[in-house]
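What follows is the content of query.txt (compact mmCIF, C-alpha atoms).
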```txt
# COMPACT_ATOMS: atom_id res chain seq x y z
CA LYS M 1 36.59 -3.63 -19.00
CA LYS M 2 37.52 -6.34 -16.52
CA HIS M 3 34.39 -7.59 -14.81
CA SER M 4 36.36 -8.33 -11.65
CA LEU M 5 36.84 -4.59 -11.20
CA LEU M 6 33.20 -4.24 -10.08
CA LEU M 7 34.04 -5.45 -6.58
CA ARG M 8 37.04 -3.10 -6.41
CA LEU M 9 34.81 -0.23 -7.44
CA ALA M 10 32.41 -1.16 -4.64
CA GLU M 11 35.31 -1.11 -2.19
CA SER M 12 36.31 2.35 -3.41
CA PHE M 13 32.70 3.52 -3.15
CA SER M 14 32.57 2.45 0.49
CA LYS M 15 35.65 4.50 1.39
CA VAL M 16 34.97 7.88 -0.27
CA ASP M 17 32.77 10.79 0.75
CA SER M 18 29.18 11.23 -0.44
CA GLN M 19 30.13 13.62 -3.25
CA ARG M 20 32.55 11.11 -4.78
CA GLN M 21 30.03 8.32 -4.21
CA GLU M 22 27.54 10.27 -6.32
CA ILE M 23 30.10 10.59 -9.12
CA ILE M 24 30.75 6.84 -9.02
CA GLY M 25 27.00 6.16 -8.85
CA LYS M 26 26.34 8.10 -12.05
CA ASN M 27 28.62 5.71 -13.92
CA VAL M 28 26.92 2.59 -12.59
CA PRO M 29 24.20 2.31 -15.29
CA GLY M 30 26.70 2.32 -18.16
CA LEU M 31 28.94 -0.16 -16.38
CA VAL M 32 26.10 -2.52 -15.52
CA ARG M 33 24.79 -2.50 -19.10
CA THR M 34 28.14 -3.77 -20.38
CA ILE M 35 28.22 -6.74 -18.00
CA SER M 36 24.51 -7.33 -17.32
CA ASP M 37 24.60 -10.91 -18.63
CA ASP M 38 27.42 -11.98 -16.30
CA VAL M 39 25.49 -13.15 -13.23
CA GLU M 40 28.65 -14.41 -11.56
CA VAL M 41 30.08 -10.89 -11.32
CA PHE M 42 27.05 -9.64 -9.42
CA LEU M 43 26.96 -12.76 -7.25
CA GLN M 44 30.55 -12.08 -6.25
CA LEU M 45 29.62 -8.47 -5.46
CA LEU M 46 26.76 -9.54 -3.18
CA GLU M 47 28.66 -12.31 -1.46
CA GLU M 48 31.73 -10.16 -0.76
CA LEU M 49 29.98 -6.78 -0.42
CA PRO M 50 32.12 -4.37 1.63
CA ASP M 51 30.47 -2.50 4.50
CA GLY M 52 29.26 0.86 3.25
CA ALA M 53 28.81 -0.29 -0.36
CA GLU M 54 25.13 -1.24 -0.02
CA ASP M 55 24.01 1.80 -2.01
CA PHE M 56 26.41 0.87 -4.81
CA ALA M 57 25.05 -2.68 -4.93
CA SER M 58 21.50 -1.36 -4.81
CA ARG M 59 22.14 0.87 -7.84
CA CYS M 60 23.55 -2.10 -9.74
CA LEU M 61 20.52 -4.25 -8.93
CA TYR M 62 18.08 -1.51 -9.93
CA CYS M 63 19.82 -1.20 -13.29
CA LEU M 64 19.41 -4.93 -13.84
CA ALA M 65 15.76 -4.84 -12.73
CA GLU M 66 14.97 -2.14 -15.31
CA VAL M 67 15.61 -4.68 -18.06
CA LYS M 68 14.15 -7.88 -16.61
CA PRO M 69 13.53 -9.63 -13.29
CA LEU M 70 16.70 -10.59 -11.45
CA ALA M 71 18.04 -14.06 -12.18
CA PRO M 72 17.17 -16.63 -9.48
CA PRO M 73 20.76 -16.94 -8.20
CA LEU M 74 20.91 -13.15 -7.72
CA THR M 75 17.55 -13.13 -5.96
CA HIS M 76 18.75 -15.88 -3.61
CA ALA M 77 21.91 -13.88 -2.90
CA VAL M 78 19.87 -10.75 -2.13
CA VAL M 79 17.63 -12.71 0.24
CA ALA M 80 20.67 -14.28 1.89
CA HIS M 81 22.19 -10.83 2.40
CA TYR M 82 18.99 -9.64 4.08
CA GLU M 83 18.81 -12.71 6.31
CA ARG M 84 22.44 -12.20 7.27
CA THR M 85 22.28 -8.46 7.95
CA ASP M 86 18.60 -7.58 8.60
CA ASP M 87 19.17 -4.71 6.16
CA PRO M 88 16.35 -4.56 3.56
CA GLN M 89 18.08 -2.00 1.30
CA LEU M 90 18.86 -4.52 -1.46
CA LEU M 91 15.43 -6.17 -1.47
CA PRO M 92 13.33 -3.83 -3.69
CA PRO M 93 15.01 -4.67 -7.03
CA ALA M 94 14.51 -8.38 -6.31
CA CYS M 95 10.82 -8.19 -5.37
CA SER M 96 9.38 -9.49 -8.64
CA SER M 97 11.71 -12.49 -8.51
CA THR M 98 10.65 -13.64 -5.05
CA THR M 99 7.59 -15.70 -4.20
CA LYS M 100 4.51 -13.91 -2.89
CA LYS M 101 5.12 -15.44 0.54
CA GLU M 102 8.71 -14.18 0.58
CA PHE M 103 7.71 -10.70 -0.55
CA LEU M 104 5.04 -10.36 2.13
CA GLY M 105 7.58 -11.60 4.65
CA PHE M 106 9.96 -8.78 3.65
CA LEU M 107 7.36 -6.05 3.19
CA PRO M 108 7.08 -4.98 6.87
CA ALA M 109 10.85 -4.40 7.04
CA ILE M 110 10.81 -2.53 3.73
CA VAL M 111 7.98 -0.27 4.92
CA ARG M 112 9.58 0.23 8.35
CA GLU M 113 13.17 0.86 7.28
CA LEU M 114 13.39 2.28 3.77
CA ASP M 115 12.77 5.69 2.21
CA PRO M 116 9.64 6.53 0.18
CA LEU M 117 11.25 5.97 -3.24
CA ALA M 118 12.59 2.55 -2.22
CA ILE M 119 9.21 1.51 -0.79
CA ASN M 120 7.44 2.63 -3.98
CA ASN M 121 9.94 0.71 -6.08
CA ALA M 122 9.48 -2.41 -3.97
CA LEU M 123 5.71 -2.24 -4.53
CA ILE M 124 6.02 -1.46 -8.24
CA ILE M 125 8.62 -4.15 -8.94
CA ALA M 126 6.67 -6.76 -6.97
CA MET M 127 3.71 -6.05 -9.27
CA GLY M 128 5.88 -6.50 -12.35
CA GLY M 129 6.70 -2.85 -13.05
CA LYS M 130 10.00 -1.13 -13.68
CA PRO M 131 11.77 0.88 -10.95
CA LEU M 132 11.35 4.65 -10.84
CA ALA M 133 14.21 7.13 -10.77
CA SER M 134 12.09 9.71 -8.96
CA LEU M 135 8.85 9.98 -6.97
CA ASP M 136 7.71 12.55 -9.54
CA LEU M 137 7.07 9.62 -11.88
CA VAL M 138 4.70 7.57 -9.68
CA GLU M 139 1.62 8.35 -11.75
CA ASP M 140 3.36 6.89 -14.81
CA ALA M 141 4.15 3.58 -13.13
CA ALA M 142 2.62 0.49 -14.68
CA ALA M 143 2.30 -3.15 -13.64
CA PHE M 144 2.96 -6.19 -15.80
CA PRO M 145 1.22 -9.24 -14.30
CA ALA M 146 3.42 -11.69 -16.23
CA ARG M 147 6.43 -10.40 -14.26
CA ALA M 148 4.63 -9.91 -10.93
CA CYS M 149 4.86 -11.97 -7.75
CA ILE M 150 1.66 -10.45 -6.32
CA ASP M 151 -1.54 -8.68 -7.39
CA PRO M 152 -2.24 -5.05 -6.32
CA PRO M 153 -5.28 -5.86 -4.12
CA GLU M 154 -3.24 -8.39 -2.17
CA ILE M 155 -0.69 -5.73 -1.24
CA LEU M 156 -3.36 -3.33 0.02
CA ILE M 157 -5.08 -6.12 1.96
CA PHE M 158 -1.80 -7.17 3.57
CA LEU M 159 -1.02 -3.61 4.66
CA HIS M 160 -4.41 -3.47 6.42
CA MET M 161 -4.04 -6.84 8.11
CA VAL M 162 -0.34 -6.80 9.08
CA ASP M 163 0.47 -7.43 12.74
CA LEU M 164 1.96 -4.10 13.81
CA GLU M 165 3.24 -5.33 17.15
CA LYS M 166 4.88 -8.45 15.76
CA HIS M 167 6.78 -6.47 13.12
CA GLN M 168 7.43 -3.39 15.32
CA LEU M 169 5.73 -1.40 12.60
CA PRO M 170 4.35 2.08 13.44
CA LEU M 171 0.81 2.66 12.19
CA LYS M 172 2.03 5.87 10.56
CA LYS M 173 4.34 3.86 8.31
CA VAL M 174 1.47 1.63 7.19
CA VAL M 175 -0.68 4.68 6.44
CA GLU M 176 2.15 6.10 4.33
CA ALA M 177 2.49 2.80 2.44
CA CYS M 178 -1.26 2.79 1.73
CA ASN M 179 -0.91 6.35 0.45
CA TYR M 180 1.83 5.19 -1.91
CA CYS M 181 -0.56 2.56 -3.28
CA PHE M 182 -3.23 5.19 -3.98
CA ALA M 183 -0.65 7.41 -5.68
CA LEU M 184 0.13 4.60 -8.13
CA LYS M 185 -2.98 5.41 -10.15
CA GLY M 186 -1.85 3.46 -13.18
CA ILE M 187 -1.67 0.29 -11.10
CA PHE M 188 -4.30 0.58 -8.36
CA LYS M 189 -7.24 1.12 -10.69
CA PRO M 190 -10.83 1.48 -9.37
CA GLU M 191 -11.76 -2.14 -10.02
CA LEU M 192 -8.73 -3.33 -8.03
CA LEU M 193 -9.48 -0.95 -5.16
CA ALA M 194 -13.01 -2.37 -5.11
CA ILE M 195 -11.65 -5.92 -4.82
CA ALA M 196 -9.45 -4.94 -1.87
CA ILE M 197 -12.24 -3.08 -0.05
CA GLN M 198 -14.70 -5.90 -0.63
CA ARG M 199 -12.35 -8.47 0.86
CA LEU M 200 -11.37 -6.24 3.78
CA SER M 201 -15.02 -5.59 4.64
CA ASP M 202 -15.59 -9.35 4.72
CA GLU M 203 -13.01 -9.85 7.47
CA ARG M 204 -14.41 -11.07 10.79
CA ALA M 205 -12.49 -8.30 12.59
CA LEU M 206 -12.71 -5.14 10.53
CA PRO M 207 -9.23 -3.63 9.91
CA LEU M 208 -8.45 -0.38 11.71
CA LEU M 209 -7.68 1.50 8.50
CA LEU M 210 -10.68 0.24 6.52
CA MET M 211 -12.80 3.40 6.66
CA ARG M 212 -9.79 5.60 5.93
CA THR M 213 -9.23 3.56 2.78
CA VAL M 214 -12.91 3.67 1.82
CA ILE M 215 -12.95 7.47 2.15
CA GLN M 216 -9.70 7.76 0.22
CA THR M 217 -11.17 5.57 -2.51
CA LEU M 218 -14.14 7.92 -2.83
CA SER M 219 -11.64 10.70 -3.47
CA VAL M 220 -9.49 8.98 -6.11
CA ALA M 221 -12.19 6.77 -7.67
CA PRO M 222 -15.57 8.55 -7.45
CA THR M 223 -17.03 5.99 -9.85
CA LEU M 224 -17.02 3.56 -6.92
CA LYS M 225 -19.50 5.65 -4.92
CA ARG M 226 -22.47 3.42 -5.78
CA PHE M 227 -20.49 0.28 -4.94
CA ILE M 228 -19.50 1.70 -1.55
CA VAL M 229 -23.05 2.81 -0.71
CA ASN M 230 -24.80 -0.33 -1.94
CA ASP M 231 -22.26 -3.00 -0.98
CA ILE M 232 -19.91 -1.79 1.73
CA LEU M 233 -21.92 0.49 4.04
CA PRO M 234 -24.83 -1.97 4.55
CA LYS M 235 -22.31 -4.70 5.36
CA LEU M 236 -20.74 -2.46 8.00
CA VAL M 237 -24.14 -1.80 9.57
CA ASN M 238 -24.70 -5.56 9.78
CA LYS M 239 -21.29 -5.90 11.44
CA GLN M 240 -22.25 -3.24 14.02
CA VAL M 241 -19.47 -0.86 13.01
CA TRP M 242 -20.41 1.51 15.86
CA LYS M 243 -18.73 -0.88 18.32
CA ALA M 244 -15.32 0.18 16.96
CA PRO M 245 -14.97 3.93 17.71
CA GLN M 246 -12.42 4.79 14.99
CA LEU M 247 -14.27 2.85 12.32
CA TRP M 248 -17.59 4.33 13.47
CA GLN M 249 -16.21 7.84 13.11
CA GLY M 250 -15.06 7.00 9.58
CA PHE M 251 -18.42 5.40 8.76
CA VAL M 252 -20.28 8.59 9.74
CA ARG M 253 -17.90 10.70 7.68
CA CYS M 254 -18.32 8.38 4.71
CA CYS M 255 -22.10 8.65 4.95
CA GLN M 256 -21.76 12.44 4.94
CA GLN M 257 -19.62 12.29 1.79
CA THR M 258 -22.01 9.95 -0.01
CA ALA M 259 -25.24 11.75 0.93
CA PRO M 260 -28.03 11.67 -0.14
CA GLU M 261 -27.38 8.17 -1.50
CA SER M 262 -26.38 7.06 1.99
CA TYR M 263 -29.67 8.15 3.64
CA PRO M 264 -31.27 4.67 3.38
CA ILE M 265 -28.17 3.24 5.09
CA LEU M 266 -28.41 5.70 7.96
CA LEU M 267 -32.06 4.76 8.47
CA GLN M 268 -30.96 1.14 8.92
CA LEU M 269 -28.99 2.10 12.04
CA PRO M 270 -30.47 1.27 15.45
CA ALA M 271 -32.18 4.28 17.03
CA PRO M 272 -29.37 5.01 19.57
CA GLN M 273 -26.74 5.10 16.83
CA LEU M 274 -28.93 7.17 14.50
CA GLY M 275 -29.44 9.63 17.34
CA GLU M 276 -25.69 9.87 17.81
CA VAL M 277 -25.20 10.62 14.11
CA LEU M 278 -27.90 13.28 14.16
CA GLU M 279 -26.11 14.98 17.07
CA LYS M 280 -22.80 14.93 15.23
CA VAL M 281 -23.93 16.06 11.79
CA ALA M 282 -25.54 19.48 11.48
CA ASN M 283 -28.66 19.80 9.29
CA LEU M 284 -28.88 16.05 8.76
CA LYS M 285 -32.13 15.63 10.67
CA SER M 286 -34.28 17.67 8.30
CA ALA M 287 -32.69 16.15 5.19
CA LEU M 288 -33.14 12.62 6.51
CA ALA M 289 -36.73 13.32 7.55
CA GLY M 290 -37.46 14.67 4.10
CA HIS M 291 -36.02 11.54 2.52
CA ALA M 292 -38.10 9.30 4.81
CA ARG M 293 -41.31 11.15 3.90
CA LYS M 294 -40.60 11.08 0.18
CA ALA M 295 -39.53 7.44 0.09
CA ARG M 296 -42.29 6.41 2.51
CA VAL M 297 -39.82 4.39 4.49
CA GLY M 298 -41.24 2.19 7.24
CA LEU M 299 -39.65 3.35 10.49
CA SER M 300 -39.92 2.37 14.13
CA ALA M 301 -41.53 4.74 16.61
CA ALA M 302 -38.08 5.54 18.04
CA HIS M 303 -36.75 6.44 14.60
CA ARG M 304 -39.76 8.63 13.84
CA ASP M 305 -39.32 10.45 17.13
CA LEU M 306 -35.66 11.13 16.37
CA LEU M 307 -36.57 12.62 13.00
CA GLY M 308 -39.57 14.58 14.31
CA LEU M 309 -42.02 12.62 12.18
CA ASP M 310 -45.62 11.82 13.10
CA ARG M 311 -46.14 8.28 14.27
```
Could you take the file, read its structure, and then write that structure out as structure tokens?
Amino acid sequence: KKHSLLLRLAESFSKVDSQRQEIIGKNVPGLVRTISDDVEVFLQLLEELPDGAEDFASRCLYCLAEVKPLAPPLTHAVVAHYERTDDPQLLPPACSSTTKKEFLGFLPAIVRELDPLAINNALIIAMGGKPLASLDLVEDAAAFPARACIDPPEILIFLHMVDLEKHQLPLKKVVEACNYCFALKGIFKPELLAIAIQRLSDERALPLLLMRTVIQTLSVAPTLKRFIVNDILPKLVNKQVWKAPQLWQGFVRCCQQTAPESYPILLQLPAPQLGEVLEKVANLKSALAGHARKARVGLSAAHRDLLGLDR
């Protein structure tokens, strides 16, 4: 096969209907395997890519990324294409070959513009994994640190701290990206989730999605319950979490889900905030009073009044 025909095939792909594009696309893996070592062919494709052939080029790059990280010249060409067009479609296959700074610079556009499979592949490839053919395979995804440009906790932390306004990024898109991280159970293991939550809870300004992530972590990694109760919730009390309404709502819900282990944390709240929790959560008053009696907790007069305990 003449390698120069790849560009002609891309031109044909850009001119036919979607049904014929799919037929051409099915032949891409076999074609790419036969010429995978010829970087110049793929460089020519990227540099002279016809309008409408982005999906063809993307398929070619994914096939290359299945075997090994893209060669530096190809990565540079992909980045140049993005900088020239503002189209992030070709970025995912190159994510393990970029620097961490470059990847985080691209990630908002990837999350904002691309479909769920492409976003998942960008995350997986950046962490050294191989691209997926289908979202049905997310639980089988694995990371290989030697090929990665970034660690899993750093991705989750970035998604919580990203400037939504600067990147014109809807909060809903960030929530979806966080959900994709949690779905990658083979990569975002409990110990890595704990690292991310610990660092996020140390931020001076607590991230808006922190409590959502903490609650989600309880669901997917119940072994972290003790860590959340003993390390995270007390820290949030010290940071006066009740001053941020959305976080406060999540804090109360988290305490409900971790009861009775969370009872000592609730008793650390100032009396006005404890009173608010008791109003919100049915049957908590008697349970909390019982805990206070049994544990012989030293409480202020205001706290004892709220719980109906003798002074």
- Item | Contact residues around range 265-274 of chain M with all atoms listed in the file at 6 Å, ignoring same-chain residues under 3 positions, as a count of residues only | 3
- Message: Can you tell me which residues surround range 225-241 of chain M at a distance of at most 9 Å, considering only C-alpha atoms, apart from same-chain residues fewer than 4 positions away, and format the answer as a list of chain:residue names?
- Response: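 Here the qualifying residues turn out to be M:Ala194, M:Ile197, M:Gln198, M:Ser201, M:Asp202, M:Arg204, M:Leu206, M:Val214, M:Thr217, M:Leu218, M:Ala221, M:Pro245, M:Leu247, M:Trp248, M:Phe251, M:Cys254, M:Cys255, M:Thr258, M:Glu261, M:Ser262, M:Ile265, M:Leu266, M:Gln268, M:Leu269.
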- Query: Looking at M:Gly105, M:Pro72, M:Gln19, M:Ala118, which one is nearest to Arg59 in chain M, with distances taken over all atoms listed in the file?
  - Reply: M:Ala118
- Shell of 10 Å around Val32 in chain M, all atoms listed in the file, local chain residues under 4 positions omitted, as a PyMOL selection string: chain M and resi 3+6+27-28+36-38+42+59-64
- Note on the structure: One residue among M:Ala259, M:Ala302, M:Leu208, M:Leu91 is nearest to Ala244 in chain M when using all atoms listed in the file, and that residue is M:Leu208
Can you find the residues with an atom no farther than 8 Å from (3.4, -7.2, -11.8), counting all atoms listed in the file, and report them as an mmCIF file with C-alpha atoms, in the coordinates of the input?
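So the final result, stored in result_18.cif, reads:
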```
data_model
loop_
_atom_site.group_PDB
_atom_site.id
_atom_site.type_symbol
_atom_site.label_atom_id
_atom_site.label_comp_id
_atom_site.auth_asym_id
_atom_site.auth_seq_id
_atom_site.Cartn_x
_atom_site.Cartn_y
_atom_site.Cartn_z
ATOM 1 C CA SER M 96 9.380 -9.490 -8.640
ATOM 2 C CA ILE M 124 6.020 -1.460 -8.240
ATOM 3 C CA ILE M 125 8.620 -4.150 -8.940
ATOM 4 C CA ALA M 126 6.670 -6.760 -6.970
ATOM 5 C CA MET M 127 3.710 -6.050 -9.270
ATOM 6 C CA GLY M 128 5.880 -6.500 -12.350
ATOM 7 C CA GLY M 129 6.700 -2.850 -13.050
ATOM 8 C CA ALA M 143 2.300 -3.150 -13.640
ATOM 9 C CA PHE M 144 2.960 -6.190 -15.800
ATOM 10 C CA PRO M 145 1.220 -9.240 -14.300
ATOM 11 C CA ALA M 146 3.420 -11.690 -16.230
ATOM 12 C CA ARG M 147 6.430 -10.400 -14.260
ATOM 13 C CA ALA M 148 4.630 -9.910 -10.930
ATOM 14 C CA CYS M 149 4.860 -11.970 -7.750
ATOM 15 C CA ILE M 150 1.660 -10.450 -6.320
ATOM 16 C CA ASP M 151 -1.540 -8.680 -7.390
#
```
- Message: Please compute the CA of Ile119 in chain M-CA of Arg8 in chain M distance, one decimal, in Å.
- Response: 28.8 Å
- Task: Record the distance separating CA of Lys189 in chain M and CA of Pro260 in chain M, expressed in Å with one decimal.
- Result: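 Computing it gives 25.6 Å between the two atoms.
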- Quick one: of M:Leu123, M:Val79, M:Val220, M:Leu307, who's nearest to Ala287 in chain M, counting all atoms listed in the file?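 Residue with the minimum atom-to-atom distance to Ala287 in chain M: M:Leu307.
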Which residues, written as a tab-separated table (two decimals) with C-alpha atoms, in the frame of the given file, have at least one atom at most 7 Å from Thr98 in chain M, with all atoms listed in the file counted and residues fewer than 3 positions away on the same chain left out?
```tsv
chain	number	residue	atom	x	y	z
M	75	THR	CA	17.55	-13.13	-5.96
M	94	ALA	CA	14.51	-8.38	-6.31
M	95	CYS	CA	10.82	-8.19	-5.37
M	102	GLU	CA	8.71	-14.18	0.58
M	103	PHE	CA	7.71	-10.70	-0.55
M	149	CYS	CA	4.86	-11.97	-7.75
```
Can you pull out every residue within 9 Å of range 137-142 of chain M, counting only C-alpha atoms, but drop anything in the same chain fewer than 4 positions away, and send it as a PDB file with C-alpha atoms, keeping the file's coordinate frame?
```pdb
ATOM      1  CA  ASN M 120       7.440   2.630  -3.980  1.00  0.00           C
ATOM      2  CA  ILE M 124       6.020  -1.460  -8.240  1.00  0.00           C
ATOM      3  CA  MET M 127       3.710  -6.050  -9.270  1.00  0.00           C
ATOM      4  CA  GLY M 128       5.880  -6.500 -12.350  1.00  0.00           C
ATOM      5  CA  GLY M 129       6.700  -2.850 -13.050  1.00  0.00           C
ATOM      6  CA  LYS M 130      10.000  -1.130 -13.680  1.00  0.00           C
ATOM      7  CA  PRO M 131      11.770   0.880 -10.950  1.00  0.00           C
ATOM      8  CA  LEU M 132      11.350   4.650 -10.840  1.00  0.00           C
ATOM      9  CA  ALA M 133      14.210   7.130 -10.770  1.00  0.00           C
ATOM     10  CA  TYR M 180       1.830   5.190  -1.910  1.00  0.00           C
ATOM     11  CA  ALA M 183      -0.650   7.410  -5.680  1.00  0.00           C
ATOM     12  CA  LEU M 184       0.130   4.600  -8.130  1.00  0.00           C
ATOM     13  CA  LYS M 185      -2.980   5.410 -10.150  1.00  0.00           C
ATOM     14  CA  GLY M 186      -1.850   3.460 -13.180  1.00  0.00           C
ATOM     15  CA  ILE M 187      -1.670   0.290 -11.100  1.00  0.00           C
TER      16      ILE M 187
END
```
- Point out the residue among M:Trp242, M:Phe56, M:Phe158, M:Phe13 with the least atom-to-atom distance to Cys181 in chain M, counting all atoms listed in the file.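 The closest residue to Cys181 in chain M is M:Phe158.
Distance annotation: of M:Val78, M:Ala65, M:Leu90, M:Val174, the residue with the minimal separation from Arg112 in chain M is M:Val174; atom set is only C-alpha atoms.
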- Minimum-distance residue to Ala196 in chain M, chosen among M:Gln216, M:Lys172, M:Leu156, M:Arg304 (using all atoms listed in the file):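 When distances to Ala196 in chain M are compared using all atoms listed in the file, the smallest one comes from M:Leu156.
One finds CA of Pro222 in chain M at 19.2 Å from CA of Arg199 in chain M.
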